[in-house]
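Please read the structure below before turning to the comments.
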Amino acid sequence: MASESSVSLTRAIEGSVRRMVEGRRVAVAFSGGLDCSIVASLSKRHADSVTLYTVGVDGAYDVQMGRQMSEVMGIPWEHIRISEENLLGGVAEMMRITRTASPVTLSFEIPLFFVSKNCREGLIIGGQGADELFGGYSKYIGLSEEDLRDSMREDMARLLTETLDHESKVSCSFGKKVLYPYLDEDVVRVAGQTSVGRISPTDARKGSLREVAVLIGESEAAAKKKKAAQYGSGSMFLLRRIARSEGLTVNGLITKIYDCECRD
């Protein structure tokens with residue numbers, strides 16, 4: 001039997017998704033993982049139409065998982081391909097839009113950039129905030145509960161200031177808007193009442209969200225493993241390969257592009 005906290009969290013997340021997408025056409029930035037599978041499944045219940053978009057190189061982990069989960073959920077899916085031919089151009093364009101020079105930010109935000117540029121819908125929904133709310137990052141493993149809470153708060157503050165500003169600039173430049181159901185105040189409130197506890201190396205992180213996936217009938221999503229966006233899409237692999245071909249590190253490559261595109 002589901003716990004009371006899991007039921008409350010499920011209601012909060014579904015309420016958030018419903019208010020955001022009801023009767024509207026929605027694109028899902030879709031890696032095939034737990035967080036975005038939950039919002040995709042709930043969007044299917046309430047939106048006028050839903051399309052899943054997965055960004056990645058051919059054969060990338062996210063592409064395989066995205067295709068697989070789209071079939072399981074019965075939601076239309078499209079693969080937005082990245083390659084050596086379009087990746088550096090995308091990074092340069094993202095730099096011009098945001099003036100961001102951080103290799104970490106740029107590599108992590110590549111999938112959303114390509115979804116924003118290529119999706120037909122005006123609204124994009126995804127899973128941002130779930131890792132910060134429910135202890136999803138591998139760096140949380142082994143922390144005391146106090147240190148874990150402190151780290152999660154710091155990461156949430158960074159998300160709310162740096163990441164959302166970056167994503168807003170990117171999406172707005174293409175006439176799109178990004179929706180954040182996990183950052184809805186009701187979801188944040190309920191999540192704050194859920195004990196995360198210490199996370200051991202053997203734990204399946206984000207246990208409370210996995211229970212939500214089961215409750216909404218997406219048990220396969222509940223079993224999915226997490227892979228960071230820059231690795232799941234294959235973008236970091238490509239950046240490293242391009243950088244090596246020019247005798248540079250990834251940081252050096254990013255700096256070179258930034259100097260070409262953004263220095264006044």
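Ligands are numbered from 1 in the order shown, residues from 1 within each chain, and chains are lettered A, B, ... in the order they appear in the structure tokens.
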Kindly assemble as JSON lines a list of the range 133-245 of chain A residues that lie within 9 Å of range 9-16 of chain A, each paired with its nearest atom pair and their distance in Å to one decimal, using only C-alpha atoms, sorted first by chain and then by ascending residue number.
{"residue": "A:Tyr180", "atom": "CA", "partner": "A:Ser16", "partner_atom": "CA", "distance": 8.7}
{"residue": "A:Pro181", "atom": "CA", "partner": "A:Ser16", "partner_atom": "CA", "distance": 5.4}
{"residue": "A:Tyr182", "atom": "CA", "partner": "A:Ile13", "partner_atom": "CA", "distance": 6.8}
{"residue": "A:Leu183", "atom": "CA", "partner": "A:Ser16", "partner_atom": "CA", "distance": 8.9}
{"residue": "A:Asp184", "atom": "CA", "partner": "A:Ser16", "partner_atom": "CA", "distance": 6.2}
{"residue": "A:Glu185", "atom": "CA", "partner": "A:Ser16", "partner_atom": "CA", "distance": 8.8}
{"residue": "A:Asp186", "atom": "CA", "partner": "A:Ala12", "partner_atom": "CA", "distance": 5.9}
{"residue": "A:Val187", "atom": "CA", "partner": "A:Ala12", "partner_atom": "CA", "distance": 5.2}
{"residue": "A:Val188", "atom": "CA", "partner": "A:Ala12", "partner_atom": "CA", "distance": 8.9}
{"residue": "A:Val190", "atom": "CA", "partner": "A:Leu9", "partner_atom": "CA", "distance": 6.0}
{"residue": "A:Ala191", "atom": "CA", "partner": "A:Leu9", "partner_atom": "CA", "distance": 6.9}
{"residue": "A:Thr194", "atom": "CA", "partner": "A:Leu9", "partner_atom": "CA", "distance": 8.9}
{"residue": "A:Ser208", "atom": "CA", "partner": "A:Leu9", "partner_atom": "CA", "distance": 8.2}
{"residue": "A:Leu209", "atom": "CA", "partner": "A:Leu9", "partner_atom": "CA", "distance": 8.3}
{"residue": "A:Glu211", "atom": "CA", "partner": "A:Thr10", "partner_atom": "CA", "distance": 8.6}
{"residue": "A:Val212", "atom": "CA", "partner": "A:Thr10", "partner_atom": "CA", "distance": 5.4}
{"residue": "A:Ala213", "atom": "CA", "partner": "A:Thr10", "partner_atom": "CA", "distance": 8.4}
{"residue": "A:Leu215", "atom": "CA", "partner": "A:Thr10", "partner_atom": "CA", "distance": 7.5}
{"residue": "A:Ile216", "atom": "CA", "partner": "A:Thr10", "partner_atom": "CA", "distance": 7.8}
What are the DSSP strand (DSSP E or B) residues of range 12-206 of chain A, as a PyMOL selection string? chain A and resi 22+25-29+47+49-56+77-81+123-125+177-179
Emit the selected residues as a tab-separated table (two decimals), in the first residue's frame, including N, CA and C atoms.
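Printed below is selection_7.tsv as written:
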chain	number	residue	atom	x	y	z
A	22	GLU	N	-3.08	22.02	-19.04
A	22	GLU	CA	-4.45	21.62	-19.39
A	22	GLU	C	-4.94	22.33	-20.66
A	25	ARG	N	-0.94	22.54	-26.07
A	25	ARG	CA	0.01	21.69	-26.78
A	25	ARG	C	1.38	21.81	-26.11
A	26	VAL	N	1.97	20.67	-25.77
A	26	VAL	CA	3.16	20.70	-24.94
A	26	VAL	C	4.27	19.83	-25.53
A	27	ALA	N	5.49	20.35	-25.47
A	27	ALA	CA	6.68	19.57	-25.78
A	27	ALA	C	7.32	19.15	-24.47
A	28	VAL	N	7.83	17.92	-24.41
A	28	VAL	CA	8.55	17.45	-23.23
A	28	VAL	C	10.02	17.27	-23.60
A	29	ALA	N	10.91	17.96	-22.86
A	29	ALA	CA	12.34	17.72	-23.00
A	29	ALA	C	12.62	16.38	-22.33
A	47	ALA	N	-3.03	17.51	-21.13
A	47	ALA	CA	-2.74	18.43	-22.24
A	47	ALA	C	-3.58	18.08	-23.47
A	49	SER	N	-2.24	18.02	-26.50
A	49	SER	CA	-1.35	17.11	-27.20
A	49	SER	C	0.03	17.17	-26.56
A	50	VAL	N	0.76	16.07	-26.66
A	50	VAL	CA	2.09	15.98	-26.06
A	50	VAL	C	3.03	15.32	-27.06
A	51	THR	N	4.21	15.90	-27.22
A	51	THR	CA	5.26	15.28	-28.03
A	51	THR	C	6.53	15.23	-27.20
A	52	LEU	N	7.20	14.10	-27.22
A	52	LEU	CA	8.47	13.93	-26.52
A	52	LEU	C	9.61	14.21	-27.48
A	53	TYR	N	10.59	15.01	-27.04
A	53	TYR	CA	11.76	15.32	-27.85
A	53	TYR	C	13.01	14.90	-27.09
A	54	THR	N	13.80	14.02	-27.70
A	54	THR	CA	15.05	13.59	-27.09
A	54	THR	C	16.22	14.05	-27.94
A	55	VAL	N	17.15	14.74	-27.30
A	55	VAL	CA	18.33	15.27	-27.97
A	55	VAL	C	19.51	14.34	-27.72
A	56	GLY	N	20.23	13.99	-28.77
A	56	GLY	CA	21.41	13.16	-28.57
A	56	GLY	C	22.01	12.67	-29.86
A	77	TRP	N	7.07	10.58	-30.24
A	77	TRP	CA	8.46	10.86	-29.87
A	77	TRP	C	9.24	11.29	-31.10
A	78	GLU	N	10.15	12.25	-30.91
A	78	GLU	CA	11.04	12.66	-31.98
A	78	GLU	C	12.47	12.75	-31.46
A	79	HIS	N	13.39	12.32	-32.29
A	79	HIS	CA	14.82	12.39	-31.97
A	79	HIS	C	15.41	13.61	-32.65
A	80	ILE	N	15.97	14.52	-31.84
A	80	ILE	CA	16.69	15.67	-32.38
A	80	ILE	C	18.17	15.32	-32.35
A	81	ARG	N	18.75	15.10	-33.50
A	81	ARG	CA	20.13	14.61	-33.58
A	81	ARG	C	21.14	15.72	-33.37
A	123	LEU	N	5.24	25.59	-25.60
A	123	LEU	CA	5.50	25.27	-24.20
A	123	LEU	C	6.37	24.03	-24.10
A	124	ILE	N	7.38	24.09	-23.25
A	124	ILE	CA	8.28	22.96	-23.02
A	124	ILE	C	8.23	22.62	-21.54
A	125	ILE	N	8.03	21.36	-21.22
A	125	ILE	CA	7.98	20.93	-19.83
A	125	ILE	C	9.06	19.88	-19.60
A	177	LYS	N	8.46	28.87	-24.01
A	177	LYS	CA	8.44	29.04	-22.56
A	177	LYS	C	8.64	27.68	-21.90
A	178	VAL	N	9.51	27.63	-20.89
A	178	VAL	CA	9.76	26.39	-20.17
A	178	VAL	C	8.92	26.35	-18.91
A	179	LEU	N	8.26	25.21	-18.67
A	179	LEU	CA	7.43	25.00	-17.49
A	179	LEU	C	8.18	24.11	-16.50
Please compute the CA of Lys169 in chain A-CA of Tyr258 in chain A distance, one decimal, in Å.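 About the pair CA of Lys169 in chain A and CA of Tyr258 in chain A: they are 17.1 Å apart.
Minimum atom-to-atom distance to Gly252 in chain A, evaluated using only C-alpha atoms, belongs to A:Ala101 out of A:Leu34, A:Ala101, A:Met95, A:Val170.
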So that I can check the surroundings of Asp259 in chain A, please list as a list of chain:residue names every protein, DNA and RNA residue that reaches within 12 Å of it, counting only C-alpha atoms and ignoring chain neighbours fewer than 3 positions away.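 Near neighbours after the sequence-gap exclusion: A:Ala92, A:Met95, A:Arg96, A:Arg99, A:Thr100, A:Ala101, A:Gly252, A:Leu253, A:Ile254, A:Thr255, A:Lys256, A:Cys262, A:Arg263, A:Asp264.
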What is the CA of Val21 in chain A-CA of Ser70 in chain A distance in Å, reported with one decimal? 18.6 Å
Residue contacts of Gly66 in chain A (7 Å, only C-alpha atoms) excluding same-chain residues fewer than 3 positions away, as a compact mmCIF listing (two decimals) with N, CA, C and O atoms, in the first residue's frame:
# COMPACT_ATOMS: atom_id res chain seq x y z
N PHE A 30 12.85 15.35 -23.14
CA PHE A 30 12.69 13.98 -22.66
C PHE A 30 13.96 13.16 -22.78
O PHE A 30 14.44 12.88 -23.88
N SER A 31 14.50 12.76 -21.62
CA SER A 31 15.68 11.90 -21.60
C SER A 31 15.30 10.44 -21.44
O SER A 31 16.16 9.56 -21.53
N GLY A 32 14.02 10.18 -21.17
CA GLY A 32 13.59 8.81 -20.89
C GLY A 32 13.75 8.40 -19.45
O GLY A 32 13.47 7.27 -19.08
N THR A 54 13.80 14.02 -27.70
CA THR A 54 15.05 13.59 -27.09
C THR A 54 16.22 14.05 -27.94
O THR A 54 16.27 13.79 -29.14
N ASP A 62 20.34 8.39 -23.81
CA ASP A 62 19.06 9.08 -23.73
C ASP A 62 18.17 8.75 -24.93
O ASP A 62 16.95 8.63 -24.79
N VAL A 63 18.77 8.64 -26.09
CA VAL A 63 17.99 8.33 -27.30
C VAL A 63 17.38 6.94 -27.19
O VAL A 63 16.20 6.74 -27.50
N MET A 69 10.83 4.44 -23.75
CA MET A 69 9.77 4.91 -22.86
C MET A 69 8.62 5.54 -23.63
O MET A 69 7.46 5.46 -23.19
N SER A 70 8.88 6.13 -24.78
CA SER A 70 7.77 6.68 -25.57
C SER A 70 6.84 5.57 -26.02
O SER A 70 5.61 5.74 -26.06
For Asp131 in chain A, find every residue with an atom within 9 Å (counting only C-alpha atoms), except residues of its own chain fewer than 6 positions away, and show them as a list of chain:residue names. A:Asp35, A:Tyr137, A:Met152, A:Met156, A:Arg205, A:Lys206
Residue selection dump (N, CA and C atoms) as a short mmCIF file (atom, residue, chain, number, x, y, z; two decimals), in the first residue's frame:
data_model
loop_
_atom_site.label_atom_id
_atom_site.label_comp_id
_atom_site.auth_asym_id
_atom_site.auth_seq_id
_atom_site.Cartn_x
_atom_site.Cartn_y
_atom_site.Cartn_z
N ASP A 35 12.31 11.55 -13.88
CA ASP A 35 11.69 12.85 -13.66
C ASP A 35 10.81 13.27 -14.83
N TYR A 137 21.36 13.65 -7.09
CA TYR A 137 22.73 13.70 -7.59
C TYR A 137 23.63 12.70 -6.88
N MET A 152 21.57 20.22 -0.85
CA MET A 152 20.37 20.33 -1.67
C MET A 152 19.88 21.77 -1.73
N MET A 156 19.58 24.02 -5.06
CA MET A 156 18.31 24.62 -5.44
C MET A 156 18.47 26.13 -5.66
N ARG A 205 18.32 6.37 -5.83
CA ARG A 205 18.03 7.73 -5.40
C ARG A 205 16.65 8.16 -5.84
N LYS A 206 16.14 9.19 -5.17
CA LYS A 206 14.80 9.75 -5.42
C LYS A 206 13.71 8.70 -5.20
#
Residues within 10 Å of Glu109 in chain A, only C-alpha atoms, excluding chain neighbours under 3 positions, as a ChimeraX atom specification: /A:91,94,103-106,112-114,163,166-167,170,229-230
Do you know which residues are at most 12 Å from Arg153 in chain A counting only C-alpha atoms, after dropping those on the same chain fewer than 2 positions away, and could you put them as a list in words? Gly129, Asp131, Glu132, Leu133, Phe134, Gly135, Tyr140, Glu146, Asp147, Leu148, Arg149, Asp150, Ser151, Asp155, Met156, Ala157, Arg158, Leu159, Leu160, Val188 and Gly192 of chain A
Keeping N, CA and C atoms for every residue in the selection just given, could you write it to a file as an mmCIF file, in the first residue's frame?
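In the end it all went to again-v8.cif:
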data_model
loop_
_atom_site.group_PDB
_atom_site.id
_atom_site.type_symbol
_atom_site.label_atom_id
_atom_site.label_comp_id
_atom_site.auth_asym_id
_atom_site.auth_seq_id
_atom_site.Cartn_x
_atom_site.Cartn_y
_atom_site.Cartn_z
ATOM 1 N N GLY A 129 14.631 20.469 -11.231
ATOM 2 C CA GLY A 129 14.286 20.644 -9.827
ATOM 3 C C GLY A 129 14.106 19.355 -9.064
ATOM 4 N N ASP A 131 16.036 16.646 -8.941
ATOM 5 C CA ASP A 131 17.260 16.185 -8.281
ATOM 6 C C ASP A 131 17.534 16.983 -7.011
ATOM 7 N N GLU A 132 17.295 18.284 -7.076
ATOM 8 C CA GLU A 132 17.543 19.136 -5.919
ATOM 9 C C GLU A 132 16.527 18.892 -4.803
ATOM 10 N N LEU A 133 15.307 18.563 -5.153
ATOM 11 C CA LEU A 133 14.263 18.349 -4.148
ATOM 12 C C LEU A 133 14.315 16.969 -3.516
ATOM 13 N N PHE A 134 14.730 15.971 -4.308
ATOM 14 C CA PHE A 134 14.583 14.594 -3.851
ATOM 15 C C PHE A 134 15.915 13.837 -3.742
ATOM 16 N N GLY A 135 17.027 14.563 -3.791
ATOM 17 C CA GLY A 135 18.328 13.934 -3.575
ATOM 18 C C GLY A 135 18.799 13.068 -4.718
ATOM 19 N N TYR A 140 25.495 13.391 -3.555
ATOM 20 C CA TYR A 140 24.798 13.340 -2.274
ATOM 21 C C TYR A 140 25.059 12.036 -1.518
ATOM 22 N N GLU A 146 22.203 16.213 7.645
ATOM 23 C CA GLU A 146 22.366 17.667 7.734
ATOM 24 C C GLU A 146 23.139 18.202 6.540
ATOM 25 N N ASP A 147 24.257 17.548 6.202
ATOM 26 C CA ASP A 147 25.051 17.982 5.054
ATOM 27 C C ASP A 147 24.275 17.818 3.753
ATOM 28 N N LEU A 148 23.482 16.757 3.677
ATOM 29 C CA LEU A 148 22.669 16.522 2.486
ATOM 30 C C LEU A 148 21.670 17.650 2.289
ATOM 31 N N ARG A 149 20.975 18.018 3.339
ATOM 32 C CA ARG A 149 20.002 19.106 3.248
ATOM 33 C C ARG A 149 20.675 20.414 2.848
ATOM 34 N N ASP A 150 21.856 20.689 3.431
ATOM 35 C CA ASP A 150 22.579 21.913 3.086
ATOM 36 C C ASP A 150 22.973 21.917 1.606
ATOM 37 N N SER A 151 23.462 20.777 1.121
ATOM 38 C CA SER A 151 23.884 20.685 -0.274
ATOM 39 C C SER A 151 22.689 20.827 -1.215
ATOM 40 N N ASP A 155 22.160 23.738 -4.052
ATOM 41 C CA ASP A 155 21.905 23.404 -5.453
ATOM 42 C C ASP A 155 20.592 23.998 -5.937
ATOM 43 N N MET A 156 19.584 24.025 -5.059
ATOM 44 C CA MET A 156 18.309 24.623 -5.440
ATOM 45 C C MET A 156 18.465 26.126 -5.656
ATOM 46 N N ALA A 157 19.236 26.777 -4.798
ATOM 47 C CA ALA A 157 19.463 28.221 -4.963
ATOM 48 C C ALA A 157 20.155 28.513 -6.287
ATOM 49 N N ARG A 158 21.120 27.669 -6.646
ATOM 50 C CA ARG A 158 21.822 27.847 -7.925
ATOM 51 C C ARG A 158 20.868 27.634 -9.104
ATOM 52 N N LEU A 159 19.999 26.631 -8.982
ATOM 53 C CA LEU A 159 19.012 26.366 -10.030
ATOM 54 C C LEU A 159 18.097 27.565 -10.225
ATOM 55 N N LEU A 160 17.597 28.107 -9.121
ATOM 56 C CA LEU A 160 16.619 29.194 -9.194
ATOM 57 C C LEU A 160 17.224 30.495 -9.712
ATOM 58 N N VAL A 188 7.001 21.791 -3.864
ATOM 59 C CA VAL A 188 8.137 22.086 -2.988
ATOM 60 C C VAL A 188 7.753 21.922 -1.524
ATOM 61 N N GLY A 192 9.329 19.092 0.941
ATOM 62 C CA GLY A 192 10.039 19.494 2.148
ATOM 63 C C GLY A 192 9.605 18.725 3.376
#
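One distance worth recording is that between CA of Leu88 in chain A and CA of Leu238 in chain A, which is 9.5 Å.
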